[in-house]
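Next comes start-v3.cif, a file with mmCIF, C-alpha atoms, pLDDT in the B column; chains and numbers go by the auth columns.
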```
data_query
loop_
_atom_site.group_PDB
_atom_site.id
_atom_site.type_symbol
_atom_site.label_atom_id
_atom_site.label_comp_id
_atom_site.label_asym_id
_atom_site.label_seq_id
_atom_site.Cartn_x
_atom_site.Cartn_y
_atom_site.Cartn_z
_atom_site.B_iso_or_equiv
_atom_site.auth_seq_id
_atom_site.auth_asym_id
ATOM 1 C CA MET A 1 -18.592 0.264 -2.725 89.00 1 T
ATOM 2 C CA THR A 2 -15.349 -1.130 -4.090 91.00 2 T
ATOM 3 C CA PHE A 3 -11.907 0.394 -3.781 91.00 3 T
ATOM 4 C CA GLY A 4 -8.313 -0.299 -4.716 90.00 4 T
ATOM 5 C CA ALA A 5 -4.893 1.250 -4.921 89.00 5 T
ATOM 6 C CA GLY A 6 -4.856 4.403 -7.011 83.00 6 T
ATOM 7 C CA ALA A 7 -2.411 5.811 -9.524 86.00 7 T
ATOM 8 C CA GLY A 8 -0.532 7.550 -6.709 91.00 8 T
ATOM 9 C CA ALA A 9 0.234 4.161 -5.152 92.00 9 T
ATOM 10 C CA ARG A 10 2.471 3.170 -8.048 92.00 10 T
ATOM 11 C CA ALA A 11 4.303 6.492 -7.877 94.00 11 T
ATOM 12 C CA VAL A 12 4.871 6.188 -4.114 95.00 12 T
ATOM 13 C CA LEU A 13 6.169 2.630 -4.404 93.00 13 T
ATOM 14 C CA ARG A 14 8.374 3.472 -7.392 94.00 14 T
ATOM 15 C CA THR A 15 9.900 6.407 -5.532 95.00 15 T
ATOM 16 C CA VAL A 16 10.650 4.299 -2.460 94.00 16 T
ATOM 17 C CA VAL A 17 12.231 1.486 -4.491 93.00 17 T
ATOM 18 C CA ILE A 18 14.417 3.863 -6.501 93.00 18 T
ATOM 19 C CA VAL A 19 15.632 5.839 -3.471 94.00 19 T
ATOM 20 C CA VAL A 20 16.367 2.739 -1.373 93.00 20 T
ATOM 21 C CA SER A 21 18.143 0.916 -4.208 91.00 21 T
ATOM 22 C CA ALA A 22 20.252 4.005 -4.981 90.00 22 T
ATOM 23 C CA ALA A 23 21.234 4.352 -1.322 90.00 23 T
ATOM 24 C CA VAL A 24 22.144 0.667 -1.000 89.00 24 T
ATOM 25 C CA THR A 25 24.087 0.770 -4.268 87.00 25 T
ATOM 26 C CA MET A 26 26.124 3.752 -3.065 86.00 26 T
ATOM 27 C CA LEU A 27 26.762 2.055 0.285 87.00 27 T
ATOM 28 C CA ILE A 28 27.971 -1.154 -1.351 85.00 28 T
ATOM 29 C CA ARG A 29 30.059 0.874 -3.802 83.00 29 T
ATOM 30 C CA ARG A 30 31.853 2.580 -0.886 84.00 30 T
ATOM 31 C CA ILE A 31 32.572 -0.765 0.760 85.00 31 T
ATOM 32 C CA THR A 32 33.764 -2.664 -2.305 81.00 32 T
ATOM 33 C CA ASP A 33 34.693 -2.023 -5.927 76.00 33 T
ATOM 34 C CA SER A 34 33.334 -5.335 -7.201 76.00 34 T
ATOM 35 C CA LEU A 35 30.253 -5.955 -9.302 75.00 35 T
ATOM 36 C CA TRP A 36 28.219 -6.649 -6.163 76.00 36 T
ATOM 37 C CA CYS A 37 27.200 -3.000 -6.256 75.00 37 T
ATOM 38 C CA LEU A 38 24.947 -3.839 -9.245 80.00 38 T
ATOM 39 C CA THR A 39 22.825 -6.271 -7.194 84.00 39 T
ATOM 40 C CA PRO A 40 20.484 -3.604 -5.747 87.00 40 T
ATOM 41 C CA ALA A 41 19.940 -2.208 -9.247 86.00 41 T
ATOM 42 C CA VAL A 42 18.955 -5.662 -10.546 89.00 42 T
ATOM 43 C CA VAL A 43 16.581 -6.145 -7.597 90.00 43 T
ATOM 44 C CA ALA A 44 15.109 -2.684 -8.197 91.00 44 T
ATOM 45 C CA VAL A 45 14.455 -3.458 -11.865 92.00 45 T
ATOM 46 C CA PHE A 46 12.724 -6.708 -10.847 93.00 46 T
ATOM 47 C CA LEU A 47 10.592 -4.846 -8.306 91.00 47 T
ATOM 48 C CA LEU A 48 9.714 -2.027 -10.703 92.00 48 T
ATOM 49 C CA VAL A 49 8.908 -4.223 -13.693 93.00 49 T
ATOM 50 C CA TRP A 50 7.316 -7.333 -12.199 94.00 50 T
ATOM 51 C CA TYR A 51 6.352 -6.970 -8.536 93.00 51 T
ATOM 52 C CA LEU A 52 4.997 -3.435 -8.030 93.00 52 T
ATOM 53 C CA PRO A 53 2.402 -3.476 -10.839 92.00 53 T
ATOM 54 C CA ARG A 54 1.055 -6.782 -9.538 93.00 54 T
ATOM 55 C CA LEU A 55 1.027 -5.517 -5.955 92.00 55 T
ATOM 56 C CA THR A 56 -0.976 -2.396 -6.797 92.00 56 T
ATOM 57 C CA ARG A 57 -3.443 -4.428 -8.887 92.00 57 T
ATOM 58 C CA SER A 58 -3.852 -6.973 -6.078 92.00 58 T
ATOM 59 C CA LEU A 59 -5.096 -4.426 -3.527 91.00 59 T
ATOM 60 C CA TYR A 60 -8.855 -4.750 -3.664 90.00 60 T
ATOM 61 C CA GLY A 61 -11.605 -4.020 -1.177 93.00 61 T
ATOM 62 C CA GLU A 62 -15.367 -3.987 -0.827 94.00 62 T
ATOM 63 C CA MET A 63 -17.663 -2.343 1.652 94.00 63 T
ATOM 64 C CA ASP A 64 -21.304 -3.215 2.146 92.00 64 T
ATOM 65 C CA ASP A 65 -23.776 -2.516 4.943 90.00 65 T
ATOM 66 C CA ARG A 66 -22.307 -5.147 7.282 93.00 66 T
ATOM 67 C CA ARG A 67 -18.569 -5.477 6.628 94.00 67 T
ATOM 68 C CA ILE A 68 -15.406 -4.334 4.905 94.00 68 T
ATOM 69 C CA THR A 69 -13.344 -6.915 3.017 94.00 69 T
ATOM 70 C CA VAL A 70 -9.754 -6.194 1.958 93.00 70 T
ATOM 71 C CA GLN A 71 -7.605 -8.504 -0.203 93.00 71 T
ATOM 72 C CA TYR A 72 -4.006 -7.994 -1.252 90.00 72 T
ATOM 73 C CA GLY A 73 -0.792 -9.820 -1.982 91.00 73 T
ATOM 74 C CA VAL A 74 1.197 -11.156 -4.888 93.00 74 T
ATOM 75 C CA LEU A 75 3.071 -14.151 -3.547 92.00 75 T
ATOM 76 C CA TRP A 76 0.856 -14.693 -0.517 93.00 76 T
ATOM 77 C CA GLN A 77 -2.784 -13.636 -0.717 92.00 77 T
ATOM 78 C CA ARG A 78 -4.131 -12.015 2.458 91.00 78 T
ATOM 79 C CA GLU A 79 -7.747 -11.309 3.202 93.00 79 T
ATOM 80 C CA THR A 80 -9.092 -9.229 6.074 92.00 80 T
ATOM 81 C CA VAL A 81 -12.775 -8.993 6.913 93.00 81 T
ATOM 82 C CA VAL A 82 -13.895 -6.347 9.427 92.00 82 T
ATOM 83 C CA SER A 83 -17.446 -6.298 10.682 92.00 83 T
ATOM 84 C CA LEU A 84 -18.779 -2.745 10.901 91.00 84 T
ATOM 85 C CA SER A 85 -20.388 -3.591 14.246 91.00 85 T
ATOM 86 C CA SER A 86 -16.931 -4.320 15.725 91.00 86 T
ATOM 87 C CA LEU A 87 -15.333 -1.174 14.243 92.00 87 T
ATOM 88 C CA ARG A 88 -14.301 1.222 17.015 93.00 88 T
ATOM 89 C CA THR A 89 -12.432 4.020 15.259 94.00 89 T
ATOM 90 C CA PHE A 90 -10.802 4.809 11.955 94.00 90 T
ATOM 91 C CA GLU A 91 -8.158 7.290 10.919 95.00 91 T
ATOM 92 C CA THR A 92 -6.416 8.446 7.766 94.00 92 T
ATOM 93 C CA TRP A 93 -2.690 8.815 7.380 93.00 93 T
ATOM 94 C CA THR A 94 -1.154 11.202 4.880 93.00 94 T
ATOM 95 C CA PRO A 95 2.640 11.227 5.199 93.00 95 T
ATOM 96 C CA PRO A 96 4.545 13.685 2.994 95.00 96 T
ATOM 97 C CA LEU A 97 5.160 11.187 0.179 93.00 97 T
ATOM 98 C CA HIS A 98 1.452 10.281 0.157 94.00 98 T
ATOM 99 C CA ARG A 99 0.510 13.965 -0.030 95.00 99 T
ATOM 100 C CA LEU A 100 2.914 14.476 -2.926 95.00 100 T
ATOM 101 C CA PHE A 101 1.225 11.735 -4.971 95.00 101 T
ATOM 102 C CA HIS A 102 -2.359 12.367 -3.763 94.00 102 T
ATOM 103 C CA CYS A 103 -3.073 9.209 -1.815 93.00 103 T
ATOM 104 C CA ARG A 104 -3.952 8.238 1.746 94.00 104 T
ATOM 105 C CA THR A 105 -3.851 5.223 4.032 93.00 105 T
ATOM 106 C CA VAL A 106 -6.960 4.403 6.066 94.00 106 T
ATOM 107 C CA VAL A 107 -6.533 2.508 9.352 95.00 107 T
ATOM 108 C CA LEU A 108 -9.541 0.684 10.794 94.00 108 T
ATOM 109 C CA ARG A 109 -9.332 -0.077 14.509 95.00 109 T
ATOM 110 C CA PHE A 110 -11.694 -2.739 15.757 91.00 110 T
ATOM 111 C CA ALA A 111 -12.093 -5.007 18.753 86.00 111 T
ATOM 112 C CA GLY A 112 -9.061 -7.281 18.611 84.00 112 T
ATOM 113 C CA GLY A 113 -6.768 -5.417 16.229 90.00 113 T
ATOM 114 C CA CYS A 114 -6.559 -3.145 13.243 92.00 114 T
ATOM 115 C CA ALA A 115 -6.646 -3.307 9.462 91.00 115 T
ATOM 116 C CA VAL A 116 -4.713 -1.055 7.109 91.00 116 T
ATOM 117 C CA LEU A 117 -6.055 0.020 3.726 91.00 117 T
ATOM 118 C CA PRO A 118 -2.904 1.398 2.091 89.00 118 T
ATOM 119 C CA LEU A 119 -2.413 3.864 -0.754 91.00 119 T
ATOM 120 C CA LEU A 120 -5.999 4.758 -1.636 93.00 120 T
ATOM 121 C CA ASP A 121 -6.741 7.770 -3.834 92.00 121 T
ATOM 122 C CA ASN A 122 -7.761 10.903 -1.925 92.00 122 T
ATOM 123 C CA ASP A 123 -11.299 10.784 -3.338 93.00 123 T
ATOM 124 C CA THR A 124 -11.735 7.089 -2.560 92.00 124 T
ATOM 125 C CA ALA A 125 -10.434 7.538 0.989 93.00 125 T
ATOM 126 C CA LYS A 126 -12.752 10.521 1.580 94.00 126 T
ATOM 127 C CA HIS A 127 -15.737 8.611 0.229 94.00 127 T
ATOM 128 C CA LEU A 128 -14.882 5.547 2.339 93.00 128 T
ATOM 129 C CA THR A 129 -14.471 7.543 5.548 93.00 129 T
ATOM 130 C CA ALA A 130 -17.709 9.431 4.847 93.00 130 T
ATOM 131 C CA ARG A 131 -19.543 6.106 4.560 92.00 131 T
ATOM 132 C CA LEU A 132 -17.891 4.871 7.741 91.00 132 T
ATOM 133 C CA GLU A 133 -19.027 7.991 9.603 91.00 133 T
ATOM 134 C CA GLU A 134 -22.595 7.265 8.583 88.00 134 T
ATOM 135 C CA CYS A 135 -22.478 3.773 10.097 78.00 135 T
#
```
As structure tokens - that is how I would like this structure written.
Amino acid sequence: MTFGAGAGARAVLRTVVIVVSAAVTMLIRRITDSLWCLTPAVVAVFLLVWYLPRLTRSLYGEMDDRRITVQYGVLWQRETVVSLSSLRTFETWTPPLHRLFHCRTVVLRFAGGCAVLPLLDNDTAKHLTARLEEC
């Protein structure tokens, strides 16, 4: 089974970037009347146009009978491999913004730490947790 970030992931990340950049822009605007208040807007455009599409495409995972492998990252590639024999528990998180855009985050707790599988589609997360329950 393979999985990745769903369409809701882009919407969640876009919403967060827009709200945070608007708040920072208003804060800087209250402090000063210079053009520095445009800096968060420029950063937001960079994040929305270049970084966020690459970040959502970079989230990739596989599950087979022995392990779960998760890879993500744009500037720095990270890879996490969790053996199913060391997996203790798993849980799903659905904060309000995730529920609004139909996605979930799955947290795998294993001996020695945890791994987070962020912004999966609802169907993918349900299918993944169903397979984990079988193991």
Residue IDs satisfying the PyMOL selection byres ((chain T and resi 7) around 12), as a list in words: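 That selection, the PyMOL selection byres ((chain T and resi 7) around 12), comes back as Gly4, Ala5, Gly6, Gly8, Ala9, Arg10, Ala11, Val12, Leu13, Arg14, Leu52, Pro53, Thr56, Arg57, His98, Phe101, His102, Cys103, Arg104, Leu119, Leu120, Asp121, Asn122, Asp123 and Thr124 of chain T.
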T:Thr105 surroundings by all atoms listed in the file, 7 Å radius, close-in-sequence under 5 positions cut, as a PDB file with C-alpha atoms, in the frame of the given file:
```pdb
ATOM      1  CA  THR T  92      -6.416   8.446   7.766  1.00 94.00           C
ATOM      2  CA  TRP T  93      -2.690   8.815   7.380  1.00 93.00           C
ATOM      3  CA  THR T  94      -1.154  11.202   4.880  1.00 93.00           C
ATOM      4  CA  LEU T 117      -6.055   0.020   3.726  1.00 91.00           C
ATOM      5  CA  PRO T 118      -2.904   1.398   2.091  1.00 89.00           C
ATOM      6  CA  LEU T 119      -2.413   3.864  -0.754  1.00 91.00           C
ATOM      7  CA  LEU T 120      -5.999   4.758  -1.636  1.00 93.00           C
TER       8      LEU T 120
END
```
Atom CA of T:Arg88 to atom CA of T:Ala130, distance in Å rounded to a single decimal: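 According to the coordinates, atom CA of T:Arg88 and atom CA of T:Ala130 are separated by 15.1 Å.
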For T:Asp65, please output as a compact mmCIF listing (two decimals) with C-alpha atoms, in the frame of the given file all residues within 12 Å (counting only C-alpha atoms; exclusion window: fewer than 5 positions along the same chain).
```txt
# COMPACT_ATOMS: atom_id res chain seq x y z
CA MET T 1 -18.59 0.26 -2.72
CA VAL T 82 -13.90 -6.35 9.43
CA SER T 83 -17.45 -6.30 10.68
CA LEU T 84 -18.78 -2.74 10.90
CA SER T 85 -20.39 -3.59 14.25
CA ARG T 131 -19.54 6.11 4.56
CA LEU T 132 -17.89 4.87 7.74
CA GLU T 134 -22.60 7.26 8.58
CA CYS T 135 -22.48 3.77 10.10
```
Between atom CA of T:Gly61 and atom CA of T:Ala125 - distance in Å to one decimal: 11.8 Å
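Atom CA of T:Val17 is found 11.3 Å from atom CA of T:Val49.
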Residue among T:Glu79, T:Ala44, T:Tyr72, T:Leu35 lying closest to T:Val20, counting all atoms listed in the file: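 Among T:Glu79, T:Ala44, T:Tyr72, T:Leu35, it is T:Ala44 that comes nearest to T:Val20.
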Starting from the PyMOL selection byres ((chain T and resi 75) around 12), expand the selection into actual residues of this file and give them as a tab-separated table (two decimals) with C-alpha atoms, in the coordinates of the input.
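The result, written out as expr-v9.tsv:
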```tsv
chain	number	residue	atom	x	y	z
T	50	TRP	CA	7.32	-7.33	-12.20
T	51	TYR	CA	6.35	-6.97	-8.54
T	52	LEU	CA	5.00	-3.44	-8.03
T	54	ARG	CA	1.06	-6.78	-9.54
T	55	LEU	CA	1.03	-5.52	-5.96
T	58	SER	CA	-3.85	-6.97	-6.08
T	72	TYR	CA	-4.01	-7.99	-1.25
T	73	GLY	CA	-0.79	-9.82	-1.98
T	74	VAL	CA	1.20	-11.16	-4.89
T	76	TRP	CA	0.86	-14.69	-0.52
T	77	GLN	CA	-2.78	-13.64	-0.72
T	78	ARG	CA	-4.13	-12.02	2.46
```
